[in-house]
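This is data.txt. It holds compact mmCIF, C-alpha atoms and all ligand atoms.
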# COMPACT_ATOMS: atom_id res chain seq x y z
CA MET J 78 -4.34 -26.01 32.28
CA PRO J 79 -2.15 -29.04 31.34
CA PRO J 80 0.53 -28.57 28.68
CA LEU J 81 -0.37 -29.44 25.09
CA ASN J 82 0.08 -33.09 24.20
CA LEU J 83 0.91 -33.12 20.48
CA LYS J 84 1.66 -36.84 20.21
CA GLY J 85 -0.51 -38.58 17.60
CA ARG J 86 -2.66 -35.45 17.19
CA TYR J 87 -2.79 -33.00 14.29
CA THR J 88 -0.95 -29.69 14.40
CA LEU J 89 -1.66 -27.43 11.43
CA ILE J 90 1.17 -25.09 10.41
CA THR J 91 0.80 -22.28 7.88
CA GLY J 92 3.95 -21.24 6.04
CA ALA J 93 5.33 -24.77 6.35
CA SER J 94 7.18 -24.72 3.01
CA ALA J 95 10.17 -22.74 4.34
CA GLY J 96 11.98 -21.16 7.26
CA LEU J 97 10.50 -21.23 10.73
CA GLY J 98 7.33 -23.10 9.71
CA ARG J 99 9.25 -25.98 8.14
CA GLU J 100 11.52 -26.24 11.21
CA MET J 101 8.56 -26.24 13.61
CA ALA J 102 6.99 -29.09 11.60
CA ARG J 103 10.24 -31.08 11.81
CA ASP J 104 10.51 -30.39 15.54
CA ILE J 105 6.94 -31.48 16.28
CA ALA J 106 7.42 -34.71 14.33
CA LYS J 107 10.83 -35.52 15.83
CA ARG J 108 10.44 -34.56 19.48
CA PHE J 109 6.70 -34.99 20.01
CA GLY J 110 5.59 -37.60 17.45
CA GLY J 111 2.85 -35.22 16.30
CA ASN J 112 0.93 -35.47 13.02
CA LEU J 113 1.04 -32.42 10.77
CA VAL J 114 -1.17 -30.51 8.35
CA LEU J 115 1.23 -28.48 6.20
CA VAL J 116 -0.02 -25.30 4.51
CA ALA J 117 1.58 -22.94 1.98
CA ARG J 118 1.40 -22.02 -1.73
CA ARG J 119 4.38 -24.10 -2.95
CA ARG J 120 2.94 -27.63 -3.20
CA ASP J 121 6.23 -29.28 -4.25
CA ARG J 122 7.97 -28.06 -1.12
CA LEU J 123 5.11 -29.25 1.11
CA GLU J 124 5.11 -32.70 -0.48
CA GLU J 125 8.86 -33.03 -0.07
CA LEU J 126 8.55 -32.14 3.62
CA ALA J 127 5.56 -34.47 4.09
CA LYS J 128 7.63 -37.36 2.73
CA GLU J 129 10.48 -36.52 5.11
CA LEU J 130 8.11 -36.37 8.11
CA GLU J 131 6.32 -39.60 7.19
CA GLY J 132 9.75 -41.21 7.28
CA LEU J 133 9.78 -40.29 10.99
CA GLY J 134 6.60 -42.29 11.53
CA VAL J 135 4.02 -39.48 11.70
CA GLU J 136 1.17 -38.55 9.32
CA ALA J 137 1.55 -35.43 7.18
CA VAL J 138 -1.20 -33.89 5.05
CA CYS J 139 -0.57 -31.04 2.56
CA ILE J 140 -3.07 -28.26 1.84
CA THR J 141 -2.18 -25.61 -0.74
CA ALA J 142 -3.62 -22.17 0.00
CA ASP J 143 -2.82 -18.54 -0.77
CA LEU J 144 -3.60 -16.86 2.54
CA SER J 145 -3.78 -13.40 0.96
CA LYS J 146 -7.10 -14.61 -0.58
CA PRO J 147 -10.16 -14.78 1.72
CA GLU J 148 -11.67 -17.64 -0.33
CA ASP J 149 -8.53 -19.74 0.24
CA VAL J 150 -8.62 -19.01 3.97
CA GLU J 151 -12.25 -20.19 4.13
CA ARG J 152 -11.45 -23.33 2.10
CA LEU J 153 -8.45 -24.08 4.32
CA LEU J 154 -10.63 -24.02 7.43
CA ARG J 155 -13.14 -26.37 5.78
CA GLU J 156 -10.59 -28.80 4.32
CA ALA J 157 -8.43 -28.95 7.44
CA THR J 158 -11.31 -29.77 9.78
CA ASP J 159 -13.22 -32.07 7.39
CA GLY J 160 -13.12 -35.42 9.23
CA ARG J 161 -10.07 -34.33 11.23
CA ASP J 162 -9.55 -32.74 14.65
CA ILE J 163 -7.07 -29.87 14.53
CA TYR J 164 -5.78 -30.08 18.10
CA ALA J 165 -3.16 -27.35 17.51
CA ALA J 166 -2.77 -24.61 14.90
CA ILE J 167 0.36 -22.54 14.31
CA LEU J 168 -0.40 -19.42 12.29
CA ASN J 169 3.07 -18.68 11.04
CA ALA J 170 2.83 -17.55 7.40
CA GLY J 171 3.89 -13.94 7.03
CA VAL J 172 5.42 -11.57 4.50
CA THR J 173 7.31 -8.32 4.69
CA TYR J 174 8.39 -5.50 2.40
CA PHE J 175 11.69 -3.81 2.94
CA GLY J 176 12.00 -0.24 1.68
CA ARG J 177 10.62 3.26 2.08
CA HIS J 178 6.94 3.14 3.03
CA LEU J 179 5.85 5.54 0.26
CA GLU J 180 7.41 3.25 -2.35
CA LEU J 181 5.32 0.28 -1.20
CA PRO J 182 2.89 -0.57 -4.05
CA ARG J 183 -0.79 -0.51 -3.03
CA GLU J 184 -1.43 -4.14 -4.08
CA THR J 185 1.61 -5.31 -2.09
CA ALA J 186 0.37 -3.43 0.96
CA GLN J 187 -3.07 -5.04 0.66
CA SER J 188 -1.52 -8.47 0.29
CA ILE J 189 0.66 -7.95 3.39
CA LEU J 190 -2.37 -6.88 5.43
CA ALA J 191 -4.45 -9.81 4.14
CA THR J 192 -1.73 -12.41 4.83
CA ASN J 193 -0.30 -11.12 8.11
CA VAL J 194 -3.50 -9.85 9.74
CA HIS J 195 -6.81 -10.85 8.11
CA SER J 196 -5.93 -14.50 7.50
CA VAL J 197 -4.49 -14.89 11.01
CA ILE J 198 -7.63 -13.49 12.65
CA GLU J 199 -9.96 -15.61 10.50
CA LEU J 200 -7.94 -18.79 11.08
CA ALA J 201 -7.54 -18.18 14.81
CA ASN J 202 -11.29 -17.58 15.14
CA GLY J 203 -12.05 -20.71 13.14
CA PHE J 204 -9.63 -23.05 14.91
CA VAL J 205 -10.43 -21.78 18.42
CA ARG J 206 -14.17 -22.32 17.72
CA HIS J 207 -13.43 -25.80 16.33
CA GLN J 208 -11.33 -26.69 19.40
CA LEU J 209 -13.96 -25.35 21.83
CA ASP J 210 -16.90 -27.01 20.04
CA LYS J 211 -15.15 -30.37 19.96
CA GLN J 212 -13.72 -30.03 23.48
CA LEU J 213 -10.23 -30.80 22.15
CA GLY J 214 -8.32 -28.95 24.88
CA GLY J 215 -5.88 -27.72 22.25
CA GLY J 216 -4.29 -24.40 21.35
CA VAL J 217 -3.42 -21.82 18.72
CA LEU J 218 -0.03 -20.16 18.28
CA VAL J 219 0.26 -16.82 16.47
CA VAL J 220 3.74 -16.07 15.10
CA SER J 221 4.42 -12.37 15.46
CA SER J 222 7.74 -10.44 15.56
CA MET J 223 9.82 -8.08 17.68
CA ALA J 224 9.11 -5.64 14.83
CA GLY J 225 5.67 -5.44 16.41
CA THR J 226 7.15 -4.40 19.75
CA VAL J 227 9.80 -2.01 18.42
CA PRO J 228 8.64 0.34 15.61
CA THR J 229 10.71 -0.66 12.58
CA PRO J 230 11.25 1.88 9.80
CA TYR J 231 11.68 0.53 6.22
CA GLN J 232 9.36 -2.33 7.22
CA ALA J 233 6.76 0.07 8.59
CA LEU J 234 3.65 -1.79 7.42
CA TYR J 235 5.05 -5.17 8.46
CA SER J 236 5.91 -3.66 11.85
CA GLY J 237 2.31 -2.43 12.17
CA THR J 238 0.83 -5.83 11.27
CA LYS J 239 2.93 -7.51 13.95
CA ALA J 240 2.02 -4.85 16.56
CA MET J 241 -1.59 -5.73 15.81
CA LEU J 242 -0.89 -9.45 16.36
CA ASN J 243 0.98 -8.80 19.64
CA THR J 244 -1.85 -6.79 21.16
CA TRP J 245 -4.81 -8.65 19.69
CA GLY J 246 -3.25 -12.05 20.41
CA VAL J 247 -2.61 -11.39 24.09
CA ALA J 248 -6.04 -9.76 24.51
CA PHE J 249 -7.87 -12.62 22.77
CA GLY J 250 -5.79 -15.16 24.74
CA GLU J 251 -6.98 -13.54 27.96
CA GLU J 252 -10.61 -14.02 26.91
CA LEU J 253 -9.94 -17.75 26.61
CA VAL J 254 -8.64 -18.13 30.18
CA GLY J 255 -11.02 -20.51 31.96
CA THR J 256 -11.72 -22.51 28.80
CA ASN J 257 -9.62 -25.54 27.84
CA VAL J 258 -8.17 -23.81 24.76
CA SER J 259 -5.15 -21.48 24.84
CA LEU J 260 -3.95 -18.80 22.43
CA SER J 261 -0.24 -17.96 22.54
CA VAL J 262 1.90 -15.38 20.76
CA PHE J 263 5.48 -16.11 19.65
CA CYS J 264 7.58 -12.99 19.16
CA PRO J 265 11.04 -13.64 17.64
CA GLY J 266 13.68 -11.16 16.52
CA GLY J 267 15.88 -11.85 13.49
CA ILE J 268 15.83 -15.40 12.06
CA ALA J 269 18.07 -16.62 9.23
CA THR J 270 15.42 -17.61 6.64
CA GLU J 271 14.36 -16.85 3.07
CA MET J 272 12.48 -13.81 4.34
CA GLY J 273 15.70 -11.78 4.62
CA GLU J 274 16.80 -12.83 1.15
CA LYS J 275 13.41 -12.03 -0.39
CA SER J 276 12.99 -8.67 1.31
CA GLY J 277 16.58 -7.44 1.06
CA THR J 278 17.43 -7.17 4.79
CA ALA J 279 19.94 -9.99 4.18
CA ARG J 280 22.09 -7.37 2.42
CA LYS J 281 22.96 -6.31 5.97
CA TYR J 282 22.01 -9.18 8.33
CA LYS J 283 22.82 -12.77 7.50
CA LYS J 284 22.99 -16.18 9.14
CA GLY J 285 25.73 -16.13 11.80
CA ASP J 286 25.45 -12.39 12.57
CA VAL J 287 24.66 -11.29 16.14
CA GLY J 288 20.89 -11.21 16.56
CA MET J 289 20.18 -13.68 13.72
CA MET J 290 18.84 -16.92 15.20
CA ASP J 291 19.09 -20.18 13.30
CA ALA J 292 15.62 -21.27 12.22
CA ASP J 293 15.83 -24.67 13.95
CA VAL J 294 16.86 -23.11 17.29
CA CYS J 295 14.08 -20.54 17.04
CA ALA J 296 11.56 -23.24 16.10
CA ARG J 297 12.42 -25.27 19.18
CA SER J 298 11.77 -22.28 21.42
CA ALA J 299 8.48 -21.56 19.62
CA VAL J 300 7.24 -25.14 20.03
CA ASP J 301 8.36 -25.39 23.69
CA GLY J 302 6.55 -22.13 24.56
CA PHE J 303 3.45 -23.27 22.69
CA VAL J 304 3.37 -26.65 24.44
CA ALA J 305 3.77 -24.86 27.80
CA ARG J 306 0.90 -22.54 26.73
CA LYS J 307 3.02 -19.43 27.34
CA ARG J 308 0.93 -16.37 26.58
CA PHE J 309 3.77 -14.31 25.03
CA ASN J 310 7.08 -15.97 24.25
CA VAL J 311 10.22 -14.11 23.15
CA PRO J 312 13.12 -16.45 22.23
CA GLY J 313 16.79 -15.87 23.12
CA VAL J 314 18.45 -13.72 25.79
CA LEU J 315 19.17 -10.79 23.45
CA TYR J 316 15.55 -10.44 22.38
CA LYS J 317 14.19 -11.07 25.89
CA LEU J 318 16.31 -8.11 27.06
CA SER J 319 15.23 -5.98 24.08
CA ASP J 320 11.59 -6.76 24.83
CA PHE J 321 12.09 -5.77 28.48
CA PHE J 322 13.98 -2.50 27.87
CA ALA J 323 11.73 -1.47 24.96
CA ARG J 324 8.97 -0.96 27.56
CA PHE J 325 10.86 1.96 29.10
CA ALA J 326 12.32 3.69 26.03
CA PRO J 327 10.47 6.45 24.13
CA ARG J 328 9.04 4.98 20.91
CA GLY J 329 10.69 7.68 18.77
CA VAL J 330 14.10 6.66 20.15
CA LEU J 331 13.39 2.99 19.42
CA ALA J 332 12.34 3.83 15.85
CA SER J 333 15.50 5.86 15.32
CA VAL J 334 17.71 3.01 16.59
CA GLN J 335 15.92 0.57 14.26
CA ALA J 336 16.23 2.99 11.32
CA ASN J 337 20.00 3.16 11.85
CA ILE J 338 20.22 -0.63 11.97
CA PHE J 339 18.23 -1.23 8.78
CA LYS J 340 19.14 1.77 6.65
CA GLY J 341 22.40 0.05 5.64
CA ALA J 342 20.37 -2.49 3.68
CA LEU J 343 18.47 0.14 1.65
CA LEU J 344 19.16 0.53 -2.05
CA PRO J 345 19.67 4.09 -3.36
CA GLU J 346 16.50 6.25 -3.59
CA GLY J 347 14.22 5.23 -6.46
CA GLN J 348 15.70 1.76 -6.91
CA LYS J 349 13.29 -1.09 -6.27
CA GLN J 350 13.97 -2.73 -2.89
CA SER J 351 12.59 -6.20 -3.49
N1 LIG P 401 12.83 -14.09 9.33
C1 LIG P 401 12.79 -13.24 10.35
O1 LIG P 401 13.79 -12.52 10.64
C2 LIG P 401 11.55 -13.14 11.22
C3 LIG P 401 11.64 -12.40 12.41
C4 LIG P 401 10.53 -12.30 13.23
C5 LIG P 401 9.35 -12.92 12.86
N2 LIG P 401 9.28 -13.63 11.69
C6 LIG P 401 7.99 -14.23 11.36
O2 LIG P 401 8.12 -15.63 11.28
C7 LIG P 401 7.15 -16.15 10.35
C8 LIG P 401 7.85 -17.08 9.38
O3 LIG P 401 8.81 -16.32 8.65
P1 LIG P 401 10.10 -16.96 7.97
O4 LIG P 401 11.24 -16.12 8.36
O5 LIG P 401 10.12 -18.40 8.18
O6 LIG P 401 9.76 -16.60 6.44
P2 LIG P 401 9.98 -17.40 5.09
O7 LIG P 401 11.16 -18.28 5.16
O8 LIG P 401 9.90 -16.35 4.03
O9 LIG P 401 8.67 -18.33 5.04
C9 LIG P 401 7.40 -17.75 4.92
C10 LIG P 401 6.37 -18.86 4.80
O10 LIG P 401 5.08 -18.24 4.66
C11 LIG P 401 4.46 -18.76 3.50
N3 LIG P 401 3.62 -17.74 2.88
C12 LIG P 401 3.97 -16.48 2.53
N4 LIG P 401 2.94 -15.87 1.93
C13 LIG P 401 1.93 -16.76 1.89
C14 LIG P 401 0.62 -16.73 1.37
N5 LIG P 401 0.12 -15.65 0.75
N6 LIG P 401 -0.15 -17.82 1.49
C15 LIG P 401 0.33 -18.95 2.09
N7 LIG P 401 1.56 -19.04 2.61
C16 LIG P 401 2.35 -17.95 2.49
C17 LIG P 401 5.60 -19.19 2.58
O11 LIG P 401 5.19 -20.25 1.73
P3 LIG P 401 4.87 -20.15 0.16
O12 LIG P 401 5.74 -19.08 -0.42
O13 LIG P 401 5.17 -21.53 -0.34
O14 LIG P 401 3.42 -19.83 0.08
C18 LIG P 401 6.61 -19.72 3.57
O15 LIG P 401 6.32 -21.06 3.90
C19 LIG P 401 6.50 -14.93 9.69
O16 LIG P 401 5.26 -14.67 10.27
C20 LIG P 401 7.47 -13.81 9.99
O17 LIG P 401 6.83 -12.57 10.02
C21 LIG P 401 10.36 -13.76 10.87
Encoded form using structure tokens:
Amino acid sequence: MPPLNLKGRYTLITGASAGLGREMARDIAKRFGGNLVLVARRRDRLEELAKELEGLGVEAVCITADLSKPEDVERLLREATDGRDIYAAILNAGVTYFGRHLELPRETAQSILATNVHSVIELANGFVRHQLDKQLGGGVLVVSSMAGTVPTPYQALYSGTKAMLNTWGVAFGEELVGTNVSLSVFCPGGIATEMGEKSGTARKYKKGDVGMMDADVCARSAVDGFVARKRFNVPGVLYKLSDFFARFAPRGVLASVQANIFKGALLPEGQKQS
């Protein structure tokens, strides 16, 4: 299958108002001359980014959607494909909760599952069907996490949602072999973004620390792997090695190593984590 050709075609990116999503949008505009459909809840941020990207000579459309809501996911699919071919879709929006699993409020848990899992499956199904029906020869990228490969205490539910994406994404991608549409999974480790600030992990791991990739560097790797239609792409030597060795280590040992890494960012028992 030939690599993706993003030039002059639309790539939709969820979670484009911040972090990795925003950097992938910039990268696609700058290096590939691709048009963008930018999706998130914060409209002002999307419009600011759209203006910046249009200054680079590409088209940028903003769609506001709360992906924890099934009705918004359905509307996004309709609005994005109404009179427009979505040649590529990057399903990047994701949320975490940092803290002891039993302290995770029920509504927060449901929102994490809806955003990280249900919306990704619905959108992947929708965009793959759209690309097959219209013979676009495009692709879908699912942004997962090393937390889905290595069981990660204090982000247990997040870790589980990403494990689901890793396995489902590669399995679904295999079913598409032989068609002209690809589904790829991107699996980064730590990235210096708002996510760490919002969740509290930044109390321990910040920009510049070993294992924390800069968002623009990580974005470049994500986009390159996507264009090359890599099935499962782990960025950076450290995380490539972790991904390799994690296959041989007992899962309990991996969880214990992760617990020791993250426990330093926990607040005392009973205090709200985020
Ligand atoms: N940061 C890390 O260390 C790390 C490591 C591995 C994998 N990842 C994965 O990388 C992806 C991007 O994370 P990031 O670090 O860039 O996080 P971030 O800076 O917190 O950005 C998250 C993006 O998702 C959007 N989003 C969150 N909830 C949403 C909802 N309900 N509806 C629509 N959009 C929503 C946010 O936009 P609005 O708030 O404007 O809606 C924002 O644009 C995620 O899937 C994350 O799991 C991150």
Legend entry - Shell of 12 Å around Glu124 (chain J), all atoms listed in the file, local chain residues under 6 positions omitted, as a PyMOL selection string: chain J and resi 93-94+99+113-118+130-131+137-141
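Minimum atom-to-atom distances from J:Thr91, J:Ser259, J:Gln212, J:Thr278 to Leu153 (chain J) were compared using only C-alpha atoms, and the lowest value belongs to J:Thr91.
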Legend entry - Test item: residues lying within 8 Å of ligand LIG 401 (chain P) with all atoms listed in the file, as JSON, numbers by chain: {"J": [91, 92, 93, 94, 95, 96, 97, 98, 99, 116, 117, 118, 119, 120, 122, 123, 141, 142, 143, 144, 145, 146, 168, 169, 170, 171, 172, 173, 188, 192, 193, 220, 221, 222, 223, 224, 235, 239, 264, 265, 266, 267, 268, 269, 270, 271, 272, 273, 275, 289, 292]}
Inset, instruction - Point out the residue among J:Leu234, J:Ala305, J:Val334, J:Met241 with the least atom-to-atom distance to Ser319 (chain J), counting all atoms listed in the file. - result: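 Ranking J:Leu234, J:Ala305, J:Val334, J:Met241 by distance to Ser319 (chain J), first place goes to J:Val334.
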Inset, instruction - May I have the residues within 10 Å of region 199-208 of chain J as a PyMOL selection string, using only C-alpha atoms and disregarding those fewer than 2 positions away in the same chain? - result: chain J and resi 89+91+144+147+150-151+153-155+157-158+162-168+194-197+210-219+246+249+253+257-260
Legend entry - Atom pair CA of Ser261 (chain J) / CA of Asn112 (chain J): separation (Å): 20.0 Å
Inset, instruction - Tell me, in Å to one decimal, how far CA of Phe175 (chain J) is from CA of Val247 (chain J). - result: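 Atom-to-atom, CA of Phe175 (chain J) and CA of Val247 (chain J) are spaced 26.6 Å apart.
Between Arg177 (chain J) and the candidates J:Thr226, J:Thr238, J:Gln232, J:Gln335, the tightest atom-to-atom separation, counting all atoms listed in the file, involves J:Gln232.
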Inset, instruction - Counting all atoms listed in the file, figure out which residue out of J:Pro79, J:Gly302, J:Gly225, J:Gly313 gets nearest to Met290 (chain J). - result: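 Of J:Pro79, J:Gly302, J:Gly225, J:Gly313, the one nearest Met290 (chain J), counting all atoms listed in the file, is J:Gly313.
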Legend entry - Residue with smallest distance to Ala332 (chain J) - pool J:Ser298, J:Thr256, J:Asn243, J:Ser236, counting only C-alpha atoms: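 Going through J:Ser298, J:Thr256, J:Asn243, J:Ser236 one by one, the smallest distance to Ala332 (chain J) is for J:Ser236.
In this structure, CA of Pro327 (chain J) sits 15.1 Å away from CA of Pro230 (chain J).
Considering the residues J:His178, J:Lys307, J:Arg297, J:Arg280 and counting only C-alpha atoms, Ile105 (chain J) has its shortest atom-to-atom contact with J:Arg297.
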